$ cat run_30.cif   # mmCIF, C-alpha atoms and all ligand atoms
data_query
#
loop_
_atom_site.label_atom_id
_atom_site.label_comp_id
_atom_site.auth_asym_id
_atom_site.auth_seq_id
_atom_site.Cartn_x
_atom_site.Cartn_y
_atom_site.Cartn_z
CA MET A 233 -121.26 -41.60 -28.71
CA VAL A 234 -118.68 -41.91 -31.44
CA GLY A 235 -115.52 -39.90 -30.99
CA LYS A 236 -115.95 -39.04 -27.29
CA THR A 237 -113.50 -40.39 -24.75
CA ILE A 238 -114.35 -41.07 -21.12
CA LEU A 239 -111.81 -41.79 -18.42
CA VAL A 240 -113.21 -44.15 -15.79
CA LEU A 241 -111.54 -44.18 -12.38
CA ASP A 242 -112.65 -46.73 -9.83
CA GLU A 243 -110.42 -48.61 -7.40
CA ASN A 244 -112.88 -51.45 -7.39
CA ILE A 245 -112.15 -53.55 -10.44
CA ALA A 246 -115.64 -55.06 -10.75
CA SER A 247 -117.26 -51.67 -10.58
CA ARG A 248 -114.75 -50.21 -13.04
CA ASN A 249 -115.34 -53.03 -15.53
CA PHE A 250 -119.07 -52.60 -15.23
CA LEU A 251 -118.91 -48.87 -15.96
CA ALA A 252 -116.35 -49.28 -18.75
CA ASN A 253 -118.47 -51.93 -20.49
CA LEU A 254 -121.62 -49.86 -20.15
CA LEU A 255 -119.89 -46.88 -21.77
CA ARG A 256 -118.31 -48.97 -24.53
CA GLU A 257 -121.77 -50.28 -25.37
CA LYS A 258 -122.78 -46.68 -25.85
CA GLN A 259 -119.92 -46.25 -28.35
CA PHE A 260 -117.67 -44.17 -26.11
CA GLU A 261 -113.93 -44.63 -26.17
CA VAL A 262 -113.06 -45.70 -22.63
CA LEU A 263 -109.82 -45.23 -20.69
CA GLU A 264 -109.45 -46.88 -17.31
CA ALA A 265 -107.55 -45.94 -14.17
CA ALA A 266 -107.29 -47.89 -10.94
CA SER A 267 -105.98 -45.11 -8.71
CA GLY A 268 -106.25 -41.35 -8.33
CA LYS A 269 -102.67 -40.75 -9.41
CA GLU A 270 -103.04 -42.98 -12.46
CA ALA A 271 -106.19 -41.07 -13.38
CA LEU A 272 -104.48 -37.67 -13.09
CA ILE A 273 -101.71 -38.80 -15.41
CA ALA A 274 -104.19 -40.19 -17.94
CA ALA A 275 -106.42 -37.10 -17.71
CA TRP A 276 -103.55 -34.73 -18.45
CA ARG A 277 -101.95 -36.94 -21.08
CA ASP A 278 -105.05 -38.00 -23.02
CA GLU A 279 -107.39 -35.08 -22.25
CA PRO A 280 -110.62 -37.14 -22.24
CA ASP A 281 -113.99 -35.46 -22.85
CA LEU A 282 -115.23 -36.56 -19.43
CA VAL A 283 -113.86 -38.07 -16.21
CA LEU A 284 -116.20 -40.48 -14.43
CA PHE A 285 -114.87 -41.48 -11.02
CA ASP A 286 -115.63 -42.92 -7.63
CA PRO A 287 -114.36 -40.24 -5.24
CA VAL A 288 -113.59 -42.82 -2.54
CA LEU A 289 -109.86 -43.10 -3.21
CA SER A 290 -107.06 -44.45 -1.07
CA ASP A 291 -104.08 -42.68 -2.65
CA ILE A 292 -105.38 -39.13 -2.92
CA HIS A 293 -108.04 -37.10 -1.14
CA ASP A 294 -111.18 -36.65 -3.26
CA GLU A 295 -111.19 -32.85 -3.06
CA GLU A 296 -107.52 -32.70 -3.92
CA PHE A 297 -108.10 -34.92 -6.92
CA ILE A 298 -110.85 -32.62 -8.21
CA LEU A 299 -108.93 -29.40 -7.53
CA LYS A 300 -105.85 -30.77 -9.27
CA LEU A 301 -107.94 -31.35 -12.39
CA ARG A 302 -109.73 -28.03 -12.07
CA ASN A 303 -106.52 -26.07 -11.59
CA ASP A 304 -104.76 -27.51 -14.60
CA GLN A 305 -105.39 -25.84 -17.92
CA ARG A 306 -105.71 -29.19 -19.72
CA THR A 307 -108.60 -30.31 -17.55
CA SER A 308 -109.99 -27.11 -16.00
CA LYS A 309 -113.16 -27.37 -18.08
CA THR A 310 -113.43 -31.14 -18.47
CA PRO A 311 -116.79 -32.36 -17.17
CA LEU A 312 -116.34 -34.41 -14.00
CA ILE A 313 -118.97 -36.86 -12.81
CA ALA A 314 -118.58 -38.53 -9.45
CA ILE A 315 -120.30 -41.88 -9.06
CA SER A 316 -119.77 -42.50 -5.42
CA SER A 317 -119.72 -45.56 -3.20
CA ASP A 318 -120.16 -43.22 -0.23
CA PRO A 319 -123.85 -42.31 0.26
CA GLY A 320 -123.13 -39.62 2.90
CA PRO A 321 -123.82 -35.91 2.30
CA VAL A 322 -120.41 -34.66 3.54
CA ARG A 323 -118.38 -36.04 0.67
CA LYS A 324 -121.05 -34.99 -1.77
CA GLU A 325 -120.89 -31.39 -0.62
CA ALA A 326 -117.10 -31.38 -0.63
CA CYS A 327 -116.96 -32.75 -4.18
CA ILE A 328 -119.53 -30.28 -5.48
CA ASN A 329 -117.69 -27.40 -3.85
CA ALA A 330 -114.43 -28.60 -5.34
CA GLY A 331 -115.97 -28.51 -8.80
CA VAL A 332 -117.61 -31.75 -9.97
CA ASN A 333 -120.42 -31.21 -12.46
CA GLU A 334 -122.56 -34.05 -11.15
CA TYR A 335 -122.47 -36.22 -8.05
CA LEU A 336 -124.26 -39.54 -8.28
CA ILE A 337 -124.46 -42.23 -5.63
CA LYS A 338 -124.02 -45.86 -6.61
CA SER A 339 -127.49 -47.37 -6.38
CA SER A 340 -130.14 -48.80 -8.66
CA GLN A 341 -130.92 -45.27 -9.83
CA ALA A 342 -127.32 -44.41 -10.63
CA ILE A 343 -127.31 -45.81 -14.16
CA PRO A 344 -130.36 -43.93 -15.47
CA ALA A 345 -129.03 -40.81 -13.74
CA LEU A 346 -125.65 -41.33 -15.41
CA GLU A 347 -127.28 -41.84 -18.80
CA GLU A 348 -129.22 -38.65 -18.34
CA ALA A 349 -126.09 -36.74 -17.36
CA LEU A 350 -124.25 -38.09 -20.40
CA SER A 351 -126.98 -37.04 -22.78
CA ARG A 352 -127.06 -33.59 -21.15
CA LEU A 353 -123.32 -33.27 -21.63
CA PHE A 354 -122.93 -34.79 -25.05
CA GLY A 355 -126.38 -34.28 -26.50
CA ALA A 356 -128.85 -37.12 -26.66
CA GLU A 357 -129.33 -38.93 -29.91
CA LYS A 358 -132.59 -37.22 -30.78
CA PRO A 359 -135.32 -38.98 -32.76
CA ALA A 360 -135.23 -38.03 -36.42
CA GLU A 361 -138.59 -36.26 -36.32
CA ALA A 362 -137.55 -33.90 -33.55
CA PRO A 363 -137.28 -30.35 -34.89
CA PRO A 364 -133.84 -28.78 -34.65
CA PRO A 365 -133.65 -26.68 -31.51
CA ALA A 366 -134.63 -23.08 -32.21
CA LYS A 367 -131.57 -22.04 -30.22
CA GLU A 368 -129.36 -22.77 -33.24
CA LYS A 369 -130.52 -19.59 -34.91
CA LYS A 370 -130.17 -17.41 -31.88
CA GLY A 371 -127.21 -15.21 -31.11
CA ILE A 372 -124.85 -16.05 -28.31
CA LEU A 373 -126.22 -14.80 -25.02
CA VAL A 374 -123.64 -13.60 -22.52
CA VAL A 375 -124.97 -12.55 -19.11
CA PHE A 376 -122.69 -10.53 -16.81
CA LEU A 377 -123.48 -11.08 -13.18
CA SER A 378 -122.04 -10.23 -9.79
CA ALA A 379 -122.93 -11.02 -6.21
CA LYS A 380 -122.26 -7.53 -4.95
CA GLY A 381 -122.15 -3.97 -6.28
CA GLY A 382 -119.01 -2.10 -7.16
CA THR A 383 -117.09 -5.15 -8.38
CA GLY A 384 -116.57 -3.64 -11.84
CA THR A 385 -119.27 -5.65 -13.61
CA SER A 386 -120.55 -2.84 -15.81
CA SER A 387 -117.07 -1.62 -16.74
CA LEU A 388 -115.93 -5.14 -17.64
CA CYS A 389 -119.16 -5.83 -19.53
CA ALA A 390 -118.69 -2.72 -21.71
CA ASN A 391 -114.96 -3.25 -22.19
CA LEU A 392 -115.20 -6.95 -22.99
CA ALA A 393 -118.10 -6.34 -25.41
CA MET A 394 -115.97 -3.72 -27.16
CA ASN A 395 -113.14 -6.24 -27.48
CA ILE A 396 -115.48 -8.94 -28.77
CA GLN A 397 -116.78 -6.54 -31.43
CA GLN A 398 -113.21 -5.56 -32.33
CA LEU A 399 -112.19 -9.20 -32.71
CA HIS A 400 -115.27 -9.98 -34.79
CA PRO A 401 -115.98 -6.86 -36.85
CA LYS A 402 -118.42 -8.67 -39.14
CA GLU A 403 -120.63 -9.93 -36.34
CA ARG A 404 -123.36 -7.85 -34.78
CA VAL A 405 -122.79 -7.19 -31.09
CA VAL A 406 -125.35 -5.57 -28.82
CA VAL A 407 -125.00 -4.66 -25.16
CA ALA A 408 -128.20 -4.32 -23.12
CA ASP A 409 -128.09 -2.83 -19.65
CA LEU A 410 -130.72 -4.57 -17.54
CA VAL A 411 -129.53 -3.39 -14.14
CA LEU A 412 -132.52 -2.15 -12.20
CA PRO A 413 -133.55 0.26 -10.98
CA ILE A 414 -130.83 2.27 -12.73
CA GLY A 415 -128.34 1.38 -15.45
CA SER A 416 -124.74 2.51 -15.80
CA ILE A 417 -123.38 1.41 -19.19
CA GLY A 418 -124.73 4.61 -20.82
CA PRO A 419 -122.63 6.83 -18.54
CA ILE A 420 -119.55 4.59 -19.06
CA VAL A 421 -119.68 4.77 -22.86
CA GLY A 422 -120.91 8.37 -22.94
CA TYR A 423 -124.39 7.82 -24.37
CA GLU A 424 -126.85 10.52 -23.35
CA GLY A 425 -129.67 9.92 -25.82
CA LYS A 426 -133.29 9.18 -25.02
CA LEU A 427 -133.50 5.60 -26.24
CA ASN A 428 -133.22 3.13 -23.38
CA LEU A 429 -134.78 0.00 -21.94
CA VAL A 430 -137.70 1.94 -20.48
CA THR A 431 -138.55 3.94 -23.61
CA VAL A 432 -138.25 0.79 -25.73
CA ALA A 433 -140.47 -1.20 -23.33
CA ASP A 434 -143.11 1.54 -23.62
CA LEU A 435 -143.38 1.08 -27.38
CA PRO A 436 -145.90 -1.44 -28.73
CA SER A 437 -144.15 -4.79 -29.05
CA GLY A 438 -144.94 -5.01 -32.78
CA GLN A 439 -142.77 -1.98 -33.33
CA THR A 440 -139.68 -3.21 -31.50
CA ASN A 441 -138.63 -5.77 -34.08
CA GLU A 442 -135.19 -6.72 -35.39
CA ASP A 443 -135.09 -3.85 -37.87
CA PHE A 444 -135.99 -1.37 -35.20
CA PHE A 445 -132.99 -2.34 -33.07
CA HIS A 446 -130.57 -2.40 -36.02
CA ARG A 447 -131.77 1.02 -37.12
CA GLU A 448 -132.33 2.84 -33.85
CA LEU A 449 -129.84 1.61 -31.29
CA PRO A 450 -126.88 3.97 -30.87
CA GLN A 451 -123.35 2.84 -31.59
CA PRO A 452 -121.22 4.90 -29.22
CA GLU A 453 -118.00 6.15 -30.76
CA LEU A 454 -114.91 4.06 -29.89
CA TRP A 455 -117.04 1.26 -28.44
CA LYS A 456 -118.17 -0.24 -31.76
CA PHE A 457 -121.12 -2.28 -30.42
CA GLN A 458 -124.75 -1.16 -30.40
CA LEU A 459 -126.22 -0.25 -27.05
CA LEU A 460 -129.59 -0.64 -25.43
CA ALA A 461 -128.97 1.66 -22.48
CA GLY A 462 -130.47 0.95 -19.09
CA SER A 463 -133.15 2.60 -17.05
CA PRO A 464 -132.21 6.27 -16.55
CA ASP A 465 -133.67 6.56 -13.05
CA PRO A 466 -135.24 4.41 -10.32
CA GLN A 467 -138.71 5.79 -10.90
CA HIS A 468 -138.74 4.35 -14.43
CA GLY A 469 -136.80 1.25 -13.47
CA ASN A 470 -139.36 0.26 -10.89
CA ILE A 471 -142.32 0.22 -13.25
CA LEU A 472 -140.64 -1.71 -16.02
CA ARG A 473 -142.55 -4.87 -16.90
CA GLY A 474 -140.64 -8.13 -16.60
CA ASP A 475 -142.41 -9.76 -19.54
CA ARG A 476 -141.35 -6.93 -21.84
CA ILE A 477 -137.71 -7.43 -20.82
CA ILE A 478 -137.83 -11.10 -21.75
CA GLU A 479 -139.51 -10.26 -25.05
CA ILE A 480 -136.93 -7.56 -25.88
CA VAL A 481 -134.05 -9.93 -25.16
CA GLU A 482 -135.71 -12.60 -27.33
CA THR A 483 -135.86 -10.16 -30.24
CA LEU A 484 -132.24 -9.10 -29.68
CA ARG A 485 -131.28 -12.77 -29.82
CA THR A 486 -132.63 -13.13 -33.33
CA ALA A 487 -131.22 -9.75 -34.45
CA TYR A 488 -127.62 -10.02 -33.17
CA ASP A 489 -124.78 -12.54 -33.12
CA PHE A 490 -123.71 -11.60 -29.59
CA ILE A 491 -126.15 -10.31 -27.00
CA ILE A 492 -124.27 -9.12 -23.97
CA LEU A 493 -126.33 -8.32 -20.91
CA ASP A 494 -125.36 -6.51 -17.75
CA ILE A 495 -127.68 -7.64 -14.99
CA GLY A 496 -125.29 -6.62 -12.22
CA ARG A 497 -126.36 -8.03 -8.88
CA SER A 498 -130.07 -7.97 -9.68
CA LEU A 499 -130.66 -11.69 -9.44
CA SER A 500 -134.44 -11.81 -9.63
CA ARG A 501 -137.44 -13.56 -11.12
CA ILE A 502 -136.86 -11.55 -14.28
CA SER A 503 -133.15 -12.17 -14.60
CA LEU A 504 -133.06 -15.84 -13.59
CA PRO A 505 -134.61 -17.14 -16.84
CA LEU A 506 -132.06 -15.08 -18.77
CA ILE A 507 -129.24 -16.64 -16.77
CA GLN A 508 -130.73 -20.08 -17.41
CA GLU A 509 -130.86 -19.33 -21.15
CA ALA A 510 -127.34 -17.89 -21.28
CA ASP A 511 -124.57 -19.47 -23.31
CA LEU A 512 -122.01 -17.96 -21.00
CA ILE A 513 -122.23 -16.33 -17.57
CA PRO A 514 -119.29 -14.07 -16.73
CA LEU A 515 -119.39 -13.82 -12.95
CA VAL A 516 -117.40 -10.83 -11.73
CA VAL A 517 -115.82 -11.23 -8.32
CA SER A 518 -113.75 -8.65 -6.47
CA THR A 519 -111.08 -9.74 -4.05
CA ASP A 520 -112.64 -8.67 -0.74
CA GLN A 521 -113.86 -11.33 1.69
CA SER A 522 -117.50 -10.27 1.70
CA THR A 523 -117.87 -10.31 -2.09
CA VAL A 524 -116.18 -13.69 -2.33
CA LYS A 525 -118.46 -15.15 0.33
CA LEU A 526 -121.56 -13.70 -1.30
CA THR A 527 -120.39 -15.09 -4.62
CA LYS A 528 -120.30 -18.55 -3.06
CA THR A 529 -123.91 -18.08 -1.93
CA VAL A 530 -124.95 -16.94 -5.40
CA TRP A 531 -123.11 -19.83 -7.07
CA ASN A 532 -124.71 -22.34 -4.71
CA TYR A 533 -128.10 -20.87 -5.57
CA LEU A 534 -127.44 -20.93 -9.31
CA GLN A 535 -126.53 -24.61 -9.06
CA THR A 536 -129.91 -25.35 -7.49
CA GLN A 537 -131.44 -23.59 -10.51
CA GLY A 538 -129.74 -25.93 -12.96
CA ILE A 539 -126.91 -23.67 -14.05
CA GLU A 540 -123.99 -25.70 -15.35
CA GLN A 541 -120.56 -24.91 -14.01
CA GLN A 542 -119.07 -24.93 -17.51
CA LYS A 543 -121.10 -21.89 -18.45
CA VAL A 544 -119.87 -19.83 -15.56
CA TYR A 545 -116.86 -17.74 -16.46
CA ALA A 546 -115.53 -16.33 -13.20
CA ILE A 547 -113.43 -13.19 -13.50
CA LEU A 548 -111.52 -12.00 -10.46
CA ASN A 549 -111.32 -8.23 -10.69
CA ARG A 550 -109.05 -6.31 -8.36
CA ALA A 551 -111.44 -3.38 -8.23
CA VAL A 552 -110.72 -2.56 -4.60
CA GLY A 553 -106.94 -2.29 -4.57
CA LEU A 554 -104.04 -4.61 -4.14
CA GLU A 555 -105.07 -6.12 -0.83
CA GLY A 556 -107.57 -8.92 -0.58
CA LEU A 557 -107.75 -12.62 -1.34
CA THR A 558 -105.61 -14.45 -3.86
CA LYS A 559 -107.06 -16.29 -6.83
CA ALA A 560 -106.51 -19.66 -5.14
CA GLU A 561 -108.18 -18.50 -1.92
CA ALA A 562 -111.17 -17.14 -3.81
CA GLU A 563 -111.46 -20.36 -5.81
CA THR A 564 -111.45 -22.48 -2.69
CA ILE A 565 -114.12 -20.40 -0.98
CA ILE A 566 -116.43 -20.13 -3.98
CA GLY A 567 -115.83 -23.64 -5.29
CA LEU A 568 -115.35 -22.44 -8.85
CA THR A 569 -112.36 -22.17 -11.12
CA ILE A 570 -111.47 -18.55 -11.79
CA GLN A 571 -110.84 -18.19 -15.49
CA LYS A 572 -109.23 -14.78 -15.57
CA ALA A 573 -107.85 -12.22 -13.15
CA MET A 574 -107.93 -8.49 -13.91
CA PRO A 575 -105.21 -6.43 -12.27
CA TYR A 576 -105.84 -3.38 -10.12
CA MET A 577 -105.55 -0.32 -12.34
CA GLY A 578 -105.71 2.37 -9.70
CA GLY A 579 -107.29 5.59 -10.87
CA ASN A 580 -106.70 4.72 -14.52
CA PHE A 581 -109.80 2.60 -14.74
CA ALA A 582 -112.08 5.32 -13.37
CA LEU A 583 -110.35 7.87 -15.59
CA ALA A 584 -111.01 5.84 -18.74
CA ASN A 585 -114.65 5.47 -17.60
CA ASN A 586 -114.96 9.18 -16.92
CA LEU A 587 -113.57 10.00 -20.35
CA ASN A 588 -115.98 7.43 -21.82
CA GLN A 589 -113.09 5.59 -23.39
CA PRO A 590 -112.47 1.84 -23.58
CA ILE A 591 -109.44 0.69 -21.56
CA THR A 592 -107.85 -0.81 -24.68
CA THR A 593 -108.12 2.53 -26.50
CA LYS A 594 -106.88 4.66 -23.62
CA TYR A 595 -104.11 2.34 -22.41
CA PRO A 596 -103.35 0.05 -25.38
CA THR A 597 -100.11 -1.31 -23.96
CA ASP A 598 -101.27 -1.82 -20.38
CA THR A 599 -101.41 -5.40 -19.09
CA ALA A 600 -105.11 -4.88 -18.39
CA SER A 601 -105.71 -4.22 -22.11
CA LEU A 602 -103.94 -7.42 -23.06
CA ILE A 603 -105.95 -9.37 -20.50
CA LEU A 604 -109.20 -7.84 -21.76
CA LYS A 605 -108.39 -8.92 -25.32
CA GLU A 606 -107.41 -12.40 -24.20
CA THR A 607 -110.54 -12.70 -22.08
CA ALA A 608 -112.80 -11.61 -24.93
CA GLU A 609 -111.21 -14.18 -27.21
CA ASP A 610 -111.43 -16.88 -24.59
CA MET A 611 -115.09 -16.16 -23.86
CA VAL A 612 -116.05 -16.33 -27.54
CA LYS A 613 -114.20 -19.62 -27.98
CA LEU A 614 -115.78 -21.13 -24.91
CA ALA A 615 -119.28 -20.01 -25.94
CA HIS A 616 -118.83 -21.57 -29.39
CA ARG A 617 -117.47 -24.75 -27.86
CA LEU A 618 -120.43 -25.04 -25.49
CA ARG A 619 -122.80 -24.46 -28.40
CA ALA A 620 -121.16 -27.18 -30.44
CA ARG A 621 -121.87 -29.82 -27.78
N1 LIG B 701 -109.50 -3.44 -12.04
C1 LIG B 701 -109.86 -2.23 -11.56
N2 LIG B 701 -108.91 -1.36 -11.15
C2 LIG B 701 -109.27 -0.16 -10.67
N3 LIG B 701 -110.53 0.30 -10.57
C3 LIG B 701 -111.52 -0.51 -10.96
C4 LIG B 701 -111.22 -1.82 -11.48
N4 LIG B 701 -112.40 -2.41 -11.80
C5 LIG B 701 -113.37 -1.51 -11.50
N5 LIG B 701 -112.86 -0.39 -10.99
C6 LIG B 701 -113.61 0.79 -10.54
O1 LIG B 701 -114.67 0.35 -9.71
C7 LIG B 701 -115.81 1.17 -9.85
C8 LIG B 701 -117.06 0.39 -10.01
O2 LIG B 701 -117.12 -0.10 -11.36
P1 LIG B 701 -118.48 -0.52 -12.06
O3 LIG B 701 -119.47 0.57 -12.04
O4 LIG B 701 -118.10 -1.11 -13.35
O5 LIG B 701 -118.94 -1.67 -11.06
P2 LIG B 701 -120.32 -2.41 -10.93
O6 LIG B 701 -120.02 -3.73 -10.33
O7 LIG B 701 -121.03 -2.41 -12.22
O8 LIG B 701 -121.06 -1.50 -9.87
P3 LIG B 701 -122.63 -1.27 -9.59
O9 LIG B 701 -122.93 -2.10 -8.41
O10 LIG B 701 -122.71 0.18 -9.29
O11 LIG B 701 -123.36 -1.68 -10.81
C9 LIG B 701 -115.51 2.11 -11.01
O12 LIG B 701 -115.20 3.38 -10.49
C10 LIG B 701 -114.32 1.50 -11.71
O13 LIG B 701 -113.54 2.50 -12.27
MG MG B 702 -122.97 -1.85 -12.67
#

$ encode --input "run_30.cif" --output "structure tokens"
Amino acid sequence: MVGKTILVLDENIASRNFLANLLREKQFEVLEAASGKEALIAAWRDEPDLVLFDPVLSDIHDEEFILKLRNDQRTSKTPLIAISSDPGPVRKEACINAGVNEYLIKSSQAIPALEEALSRLFGAEKPAEAPPPAKEKKGILVVFLSAKGGTGTSSLCANLAMNIQQLHPKERVVVADLVLPIGSIGPIVGYEGKLNLVTVADLPSGQTNEDFFHRELPQPELWKFQLLAGSPDPQHGNILRGDRIIEIVETLRTAYDFIILDIGRSLSRISLPLIQEADLIPLVVSTDQSTVKLTKTVWNYLQTQGIEQQKVYAILNRAVGLEGLTKAEAETIIGLTIQKAMPYMGGNFALANNLNQPITTKYPTDTASLILKETAEDMVKLAHRLRAR
């Protein structure tokens, strides 16, 4: 892989040489470190594209090594692959919780597994006859998710989508509210019309094409994006067909540049494939113990479903007041880096919602508005970067 740099950390010189040579043969630039501390210095100084390391270290605890990388801006998103001389499950679990992307055990299978992980991360050299992935033409899919209700997912989804549209006025942005059995983006942005997920799903699929969405979807004043509102009531929400949802999202992906979904806490057979397809998964976490613990459960589950950590964009939202866990505490419990923290806005947040106004319009100079803008920018950059891999 020309142009990609890998930092190899292994205290064992024979093992380190073996890995370094293997990677050089594959055209990677290789940096080597013989201790945890040396590796941290090299990682922060040279910002490699990947850190490959044996977590059995004598100068620094494995978890601490990972958290130090994860908590530093220069390496918070760098892929980390552990290739471990310890076959036990305890270290494996600790390393995964601390934030490694892959944990391999040194064995005869380690090398093929490593090669597979590298091609997943950097893109395999595909045979010439392979067709370009259809995904290239599709809009960026952003799926807002939470482990528990009331964490501010819908409000952040609408507000961040508005900021994305504002930052990219030429791009087409659509928000679709998929929270079942009842949606809430419509009420937040003040849309009271008849067109929603249920009425659209009732139309023959031939009719709900790209043109239909461009033409028919409302564009609520002040919010700038187009909206596919959610189910208006549980009775409708419960009879909605899952296959129609997938089909509608597929069409939106060819019709828009950014497709921003609110699926709230409805992690289900219908929503899982959407999460797996997503370019970016903003995971909204409030600061109370129970939400943070549930978020850990959800994150552990998502990992078993093949969701990459790099795609998860955790947002800590102080929706419940000033008390609660700190960012560092939440990160340790969940085992994920928190990318952004939204301050508690007291009644102002609900007031903006009740007036159907975006936060950045109602309180343009508030810290929360600045953070929303920054977050929108950051999310777009990250999504593009992940696409470019
Ligand atoms: N940072 C914040 N500061 C103050 N209030 C907030 C903050 N974030 C969210 N809220 C309030 O929390 C409430 C819940 O917000 P919202 O409906 O967006 O959450 P949700 O996670 O989508 O909930 P649901 O489970 O109902 O879908 C709203 O009244 C909102 O005004
Ligand atoms: Mg909601």

$ closest_residue --input "run_30.cif" --among "A:Leu454, A:Val374, A:Leu272, A:Ala487" --to "A:Leu614" --atoms "only C-alpha atoms"
A:Val374

$ closest_residue --input "run_30.cif" --among "A:Gly556, A:Gly496, A:Pro466, A:Gly474" --to "A:Gly382" --atoms "only C-alpha atoms"
A:Gly496

$ closest_atom_pairs --input "run_30.cif" --of "chain A" --to "ligand LIG 701 (chain B)" --cutoff "10 Å" --atoms "only C-alpha atoms and all ligand atoms" --output "CSV"
residue,atom,partner,partner_atom,distance
A:Phe376,CA,B:LIG701,O7,9.5
A:Leu377,CA,B:LIG701,O6,8.6
A:Ser378,CA,B:LIG701,O6,6.8
A:Ala379,CA,B:LIG701,O6,8.9
A:Lys380,CA,B:LIG701,O9,6.5
A:Gly381,CA,B:LIG701,O9,2.9
A:Gly382,CA,B:LIG701,O8,3.5
A:Thr383,CA,B:LIG701,O6,3.8
A:Gly384,CA,B:LIG701,O5,3.2
A:Thr385,CA,B:LIG701,O6,3.9
A:Ser386,CA,B:LIG701,O7,3.6
A:Ser387,CA,B:LIG701,O4,3.6
A:Leu388,CA,B:LIG701,O4,6.3
A:Cys389,CA,B:LIG701,O4,7.8
A:Ala390,CA,B:LIG701,O4,8.5
A:Asn391,CA,B:LIG701,O4,9.6
A:Val411,CA,B:LIG701,O11,7.2
A:Leu412,CA,B:LIG701,O11,9.3
A:Ile414,CA,B:LIG701,O11,8.7
A:Gly415,CA,B:LIG701,O11,7.5
A:Ser416,CA,B:LIG701,O11,6.7
A:Ile417,CA,B:LIG701,O3,8.2
A:Pro419,CA,B:LIG701,O3,9.6
A:Ile420,CA,B:LIG701,O3,8.1
A:Asp494,CA,B:LIG701,O7,8.1
A:Ile495,CA,B:LIG701,O11,8.5
A:Gly496,CA,B:LIG701,O11,5.5
A:Arg497,CA,B:LIG701,O9,6.9
A:Ser498,CA,B:LIG701,O11,9.3
A:Val516,CA,B:LIG701,O6,7.7
A:Val517,CA,B:LIG701,O6,8.8
A:Ser518,CA,B:LIG701,N4,8.3
A:Leu548,CA,B:LIG701,N1,8.9
A:Asn549,CA,B:LIG701,N1,5.3
A:Arg550,CA,B:LIG701,N1,4.7
A:Ala551,CA,B:LIG701,C4,3.6
A:Val552,CA,B:LIG701,N3,6.6
A:Gly553,CA,B:LIG701,C2,6.9
A:Leu554,CA,B:LIG701,N2,9.1
A:Ala573,CA,B:LIG701,N1,9.0
A:Met574,CA,B:LIG701,N1,5.6
A:Pro575,CA,B:LIG701,N1,5.2
A:Tyr576,CA,B:LIG701,N2,3.8
A:Met577,CA,B:LIG701,N2,3.7
A:Gly578,CA,B:LIG701,C2,4.5
A:Gly579,CA,B:LIG701,C2,6.1
A:Asn580,CA,B:LIG701,C2,6.7
A:Phe581,CA,B:LIG701,O13,4.5
A:Ala582,CA,B:LIG701,O13,3.4
A:Leu583,CA,B:LIG701,O13,7.1
A:Ala584,CA,B:LIG701,O13,7.7
A:Asn585,CA,B:LIG701,O13,6.2
A:Asn586,CA,B:LIG701,O13,8.3
A:Ala600,CA,B:LIG701,N1,7.9

$ residues_near_point --input "run_30.cif" --point "(-132.6, -0.4, -27.5)" --cutoff "7 Å" --atoms "all atoms listed in the file" --output "VMD selection string"
chain A and resid 427 to 429 432 445 449 459 to 461

$ atom_distance --input "run_30.cif" --atom1 "atom CA of A:Phe285" --atom2 "atom CA of A:Phe260"
15.6 Å

$ closest_residue --input "run_30.cif" --among "A:Thr440, A:Asp489, A:Leu410, A:Leu435" --to "A:Ile477" --atoms "only C-alpha atoms"
A:Leu410

$ residues_around --input "run_30.cif" --residues "A:Val544" --least-positions-apart "5" --cutoff "12 Å" --atoms "only C-alpha atoms" --output "number ranges by chain"
A: 309, 331, 333, 374-378, 507-508, 510-517, 527, 530-531, 534-535, 538-539, 567-572, 611, 614-615, 618

$ closest_residue --input "run_30.cif" --among "A:Trp276, A:Phe457, A:Tyr335, A:Phe297" --to "A:Asn395" --atoms "only C-alpha atoms"
A:Phe457

$ closest_residue --input "run_30.cif" --among "A:Ile502, A:Gly418, A:Lys236, A:Lys543" --to "ligand MG 702 (chain B)" --atoms "all atoms listed in the file"
A:Gly418

$ residues_near_point --input "run_30.cif" --point "(-109.2, -6.0, -24.5)" --cutoff "12 Å" --atoms "all atoms listed in the file" --output "PyMOL selection string"
chain A and resi 387-399+455+574+590-611

$ atom_distance --input "run_30.cif" --atom1 "atom CA of A:Asp318" --atom2 "atom CA of A:Val288"
7.0 Å

$ atom_distance --input "run_30.cif" --atom1 "atom CA of A:Thr483" --atom2 "atom CA of A:Lys370"
9.4 Å
